[in-house]
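So the structure is just underneath, and the comments pick up after that.
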Amino acid sequence: MSALEDDRLDLQRVEVAPEETTRLRRETEQMIGRKLAPFPAEIAAYKKAGLEPPVG
């Protein structure tokens with residue numbers, strides 16, 4: 001998975017570890033007080049890295 005990096009001139013994609021995406025999703029779940037299913041891009045990032053995608 002990738003994210004956007006702001007260098008104040010233009011945005012560029014940077015690679016983000018799949019585990020980081022999951023950590024951020026779980027932090028969001030805590031903030032909003034409900035569970036979120038893993039996003040398709042998150043699952044694809046795990047598969048691309050050869051890892052088992054999260055179930056929930």
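Naming works like this for the structure tokens: A, B, ... for the chains as they're shown, residue 1 at the start of each chain, ligands 1 onward in shown order.
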**OP:** Tell me which protein, DNA and RNA residues are within 6 Å of segment 45-54 of chain A, counting only C-alpha atoms, leaving out same-chain ones fewer than 2 positions away, and put them as a PyMOL selection string.
**Re:** chain A and resi 1+18+42-43+56
Output all heavy atoms for every residue in that selection, as an mmCIF file, in the first residue's frame.
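File written: again-v8.cif
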```cif
data_model
loop_
_atom_site.group_PDB
_atom_site.id
_atom_site.type_symbol
_atom_site.label_atom_id
_atom_site.label_comp_id
_atom_site.auth_asym_id
_atom_site.auth_seq_id
_atom_site.Cartn_x
_atom_site.Cartn_y
_atom_site.Cartn_z
ATOM 1 N N MET A 1 0.851 -1.160 0.000
ATOM 2 C CA MET A 1 0.000 0.000 0.000
ATOM 3 C C MET A 1 0.901 1.228 0.000
ATOM 4 O O MET A 1 2.045 1.173 0.402
ATOM 5 C CB MET A 1 -0.867 -0.050 1.249
ATOM 6 C CG MET A 1 -1.897 0.997 1.300
ATOM 7 S SD MET A 1 -3.226 0.462 2.376
ATOM 8 C CE MET A 1 -4.475 1.538 1.777
ATOM 9 N N PRO A 18 2.324 -2.994 5.145
ATOM 10 C CA PRO A 18 0.934 -3.390 5.399
ATOM 11 C C PRO A 18 0.571 -3.334 6.882
ATOM 12 O O PRO A 18 -0.540 -2.950 7.242
ATOM 13 C CB PRO A 18 0.852 -4.828 4.882
ATOM 14 C CG PRO A 18 2.041 -5.039 4.024
ATOM 15 C CD PRO A 18 3.066 -4.032 4.432
ATOM 16 N N GLU A 42 -5.654 -2.715 1.625
ATOM 17 C CA GLU A 42 -4.891 -3.263 2.749
ATOM 18 C C GLU A 42 -4.655 -4.766 2.529
ATOM 19 O O GLU A 42 -3.538 -5.262 2.684
ATOM 20 C CB GLU A 42 -5.667 -3.031 4.044
ATOM 21 C CG GLU A 42 -4.988 -3.536 5.290
ATOM 22 C CD GLU A 42 -5.818 -3.288 6.545
ATOM 23 O OE1 GLU A 42 -6.916 -2.695 6.458
ATOM 24 O OE2 GLU A 42 -5.358 -3.700 7.610
ATOM 25 N N ILE A 43 -5.696 -5.475 2.130
ATOM 26 C CA ILE A 43 -5.586 -6.911 1.863
ATOM 27 C C ILE A 43 -4.620 -7.159 0.706
ATOM 28 O O ILE A 43 -3.766 -8.044 0.767
ATOM 29 C CB ILE A 43 -6.979 -7.507 1.565
ATOM 30 C CG1 ILE A 43 -7.833 -7.441 2.841
ATOM 31 C CG2 ILE A 43 -6.870 -8.938 1.062
ATOM 32 C CD1 ILE A 43 -9.294 -7.749 2.619
ATOM 33 N N GLY A 56 -9.906 -9.114 10.525
ATOM 34 C CA GLY A 56 -10.774 -8.071 11.042
ATOM 35 C C GLY A 56 -10.160 -7.320 12.153
ATOM 36 O O GLY A 56 -9.028 -7.387 12.463
#
```
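The shell of residues at most 12 Å from Arg25 of chain A, with only C-alpha atoms counted and near chain neighbours (fewer than 5 positions) removed, consists of Pro18, Glu19, Glu20, Gln30, Met31, Ile32, Gly33, Arg34, Lys35, Leu36, Ala37, Pro38, Phe39, Glu42, Pro54 and Gly56 of chain A.
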What would the file look like if the residues just selected were written as a compact mmCIF listing (two decimals), in the first residue's frame with all heavy atoms?
```txt
# COMPACT_ATOMS: atom_id res chain seq x y z
N PRO A 18 2.32 -2.99 5.15
CA PRO A 18 0.93 -3.39 5.40
C PRO A 18 0.57 -3.33 6.88
O PRO A 18 -0.54 -2.95 7.24
CB PRO A 18 0.85 -4.83 4.88
CG PRO A 18 2.04 -5.04 4.02
CD PRO A 18 3.07 -4.03 4.43
N GLU A 19 1.52 -3.68 7.75
CA GLU A 19 1.26 -3.66 9.18
C GLU A 19 0.96 -2.25 9.68
O GLU A 19 0.16 -2.06 10.60
CB GLU A 19 2.46 -4.24 9.96
CG GLU A 19 2.75 -5.69 9.66
CD GLU A 19 3.66 -5.91 8.44
OE1 GLU A 19 4.04 -4.93 7.77
OE2 GLU A 19 3.98 -7.07 8.17
N GLU A 20 1.58 -1.27 9.07
CA GLU A 20 1.33 0.13 9.44
C GLU A 20 -0.10 0.52 9.07
O GLU A 20 -0.78 1.21 9.83
CB GLU A 20 2.34 1.05 8.74
CG GLU A 20 2.19 2.51 9.05
CD GLU A 20 2.57 2.88 10.47
OE1 GLU A 20 3.09 2.03 11.20
OE2 GLU A 20 2.33 4.03 10.85
N GLN A 30 -10.60 2.62 17.34
CA GLN A 30 -10.66 3.08 18.74
C GLN A 30 -11.25 4.48 18.83
O GLN A 30 -12.04 4.77 19.72
CB GLN A 30 -9.28 3.04 19.37
CG GLN A 30 -8.77 1.64 19.63
CD GLN A 30 -7.38 1.63 20.22
OE1 GLN A 30 -6.67 2.64 20.21
NE2 GLN A 30 -6.96 0.48 20.74
N MET A 31 -10.88 5.34 17.89
CA MET A 31 -11.38 6.72 17.92
C MET A 31 -12.88 6.80 17.64
O MET A 31 -13.58 7.58 18.27
CB MET A 31 -10.62 7.59 16.92
CG MET A 31 -9.23 7.93 17.37
SD MET A 31 -8.43 9.17 16.33
CE MET A 31 -8.00 8.19 14.90
N ILE A 32 -13.35 6.00 16.67
CA ILE A 32 -14.76 6.09 16.30
C ILE A 32 -15.65 5.12 17.07
O ILE A 32 -16.87 5.20 16.99
CB ILE A 32 -14.96 5.90 14.77
CG1 ILE A 32 -14.58 4.48 14.33
CG2 ILE A 32 -14.20 6.95 13.99
CD1 ILE A 32 -14.93 4.18 12.88
N GLY A 33 -15.03 4.19 17.80
CA GLY A 33 -15.81 3.28 18.64
C GLY A 33 -16.53 2.18 17.90
O GLY A 33 -17.53 1.67 18.38
N ARG A 34 -16.05 1.81 16.73
CA ARG A 34 -16.64 0.68 15.99
C ARG A 34 -15.59 0.01 15.15
O ARG A 34 -14.55 0.59 14.84
CB ARG A 34 -17.83 1.12 15.14
CG ARG A 34 -17.52 2.15 14.08
CD ARG A 34 -18.76 2.55 13.33
NE ARG A 34 -18.95 1.65 12.20
CZ ARG A 34 -19.20 2.04 10.96
NH1 ARG A 34 -19.34 3.32 10.71
NH2 ARG A 34 -19.34 1.19 10.00
N LYS A 35 -15.87 -1.24 14.79
CA LYS A 35 -14.92 -2.03 14.01
C LYS A 35 -15.06 -1.69 12.53
O LYS A 35 -16.15 -1.41 12.03
CB LYS A 35 -15.19 -3.53 14.18
CG LYS A 35 -14.82 -4.06 15.54
CD LYS A 35 -13.35 -3.99 15.75
CE LYS A 35 -12.77 -5.33 16.06
NZ LYS A 35 -11.34 -5.29 16.21
N LEU A 36 -13.92 -1.71 11.83
CA LEU A 36 -13.89 -1.51 10.38
C LEU A 36 -13.31 -2.76 9.74
O LEU A 36 -12.33 -3.32 10.24
CB LEU A 36 -13.01 -0.31 10.02
CG LEU A 36 -13.42 1.05 10.58
CD1 LEU A 36 -12.34 2.08 10.31
CD2 LEU A 36 -14.74 1.48 9.95
N ALA A 37 -13.88 -3.18 8.66
CA ALA A 37 -13.34 -4.32 7.92
C ALA A 37 -12.05 -3.89 7.22
O ALA A 37 -11.91 -2.71 6.87
CB ALA A 37 -14.36 -4.80 6.89
N PRO A 38 -11.12 -4.82 7.05
CA PRO A 38 -9.91 -4.46 6.30
C PRO A 38 -10.30 -3.98 4.89
O PRO A 38 -11.19 -4.53 4.26
CB PRO A 38 -9.14 -5.77 6.23
CG PRO A 38 -9.65 -6.58 7.37
CD PRO A 38 -11.08 -6.19 7.53
N PHE A 39 -9.63 -2.94 4.45
CA PHE A 39 -9.93 -2.38 3.14
C PHE A 39 -9.30 -3.24 2.04
O PHE A 39 -8.27 -3.88 2.26
CB PHE A 39 -9.40 -0.94 3.05
CG PHE A 39 -10.05 -0.03 4.05
CD1 PHE A 39 -9.35 0.40 5.18
CD2 PHE A 39 -11.36 0.38 3.89
CE1 PHE A 39 -9.95 1.23 6.11
CE2 PHE A 39 -11.96 1.22 4.81
CZ PHE A 39 -11.26 1.64 5.93
N GLU A 42 -5.65 -2.71 1.63
CA GLU A 42 -4.89 -3.26 2.75
C GLU A 42 -4.65 -4.77 2.53
O GLU A 42 -3.54 -5.26 2.68
CB GLU A 42 -5.67 -3.03 4.04
CG GLU A 42 -4.99 -3.54 5.29
CD GLU A 42 -5.82 -3.29 6.54
OE1 GLU A 42 -6.92 -2.70 6.46
OE2 GLU A 42 -5.36 -3.70 7.61
N PRO A 54 -5.11 -9.53 7.29
CA PRO A 54 -5.89 -9.54 8.53
C PRO A 54 -7.35 -9.92 8.24
O PRO A 54 -7.87 -9.66 7.15
CB PRO A 54 -5.79 -8.11 9.03
CG PRO A 54 -5.50 -7.30 7.83
CD PRO A 54 -4.72 -8.19 6.90
N GLY A 56 -9.91 -9.11 10.53
CA GLY A 56 -10.77 -8.07 11.04
C GLY A 56 -10.16 -7.32 12.15
O GLY A 56 -9.03 -7.39 12.46
```
**OP:** Check chain A with DSSP on the backbone and list each residue it calls helix (DSSP H, G or I), as a PyMOL selection string.
**Re:** chain A and resi 18-32+40-48
**OP:** Looking only at strand (DSSP E or B) from DSSP on the backbone, list the matching residues of segment 9-56 of chain A as number ranges by chain.
**Re:** A: 11-15
Subject >> Pick from A:Arg8, A:Thr28, A:Arg13, A:Thr21, whichever lies nearest to Ala41 of chain A using only C-alpha atoms >> reply: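 Under the stated criterion, the closest residue is A:Thr21.
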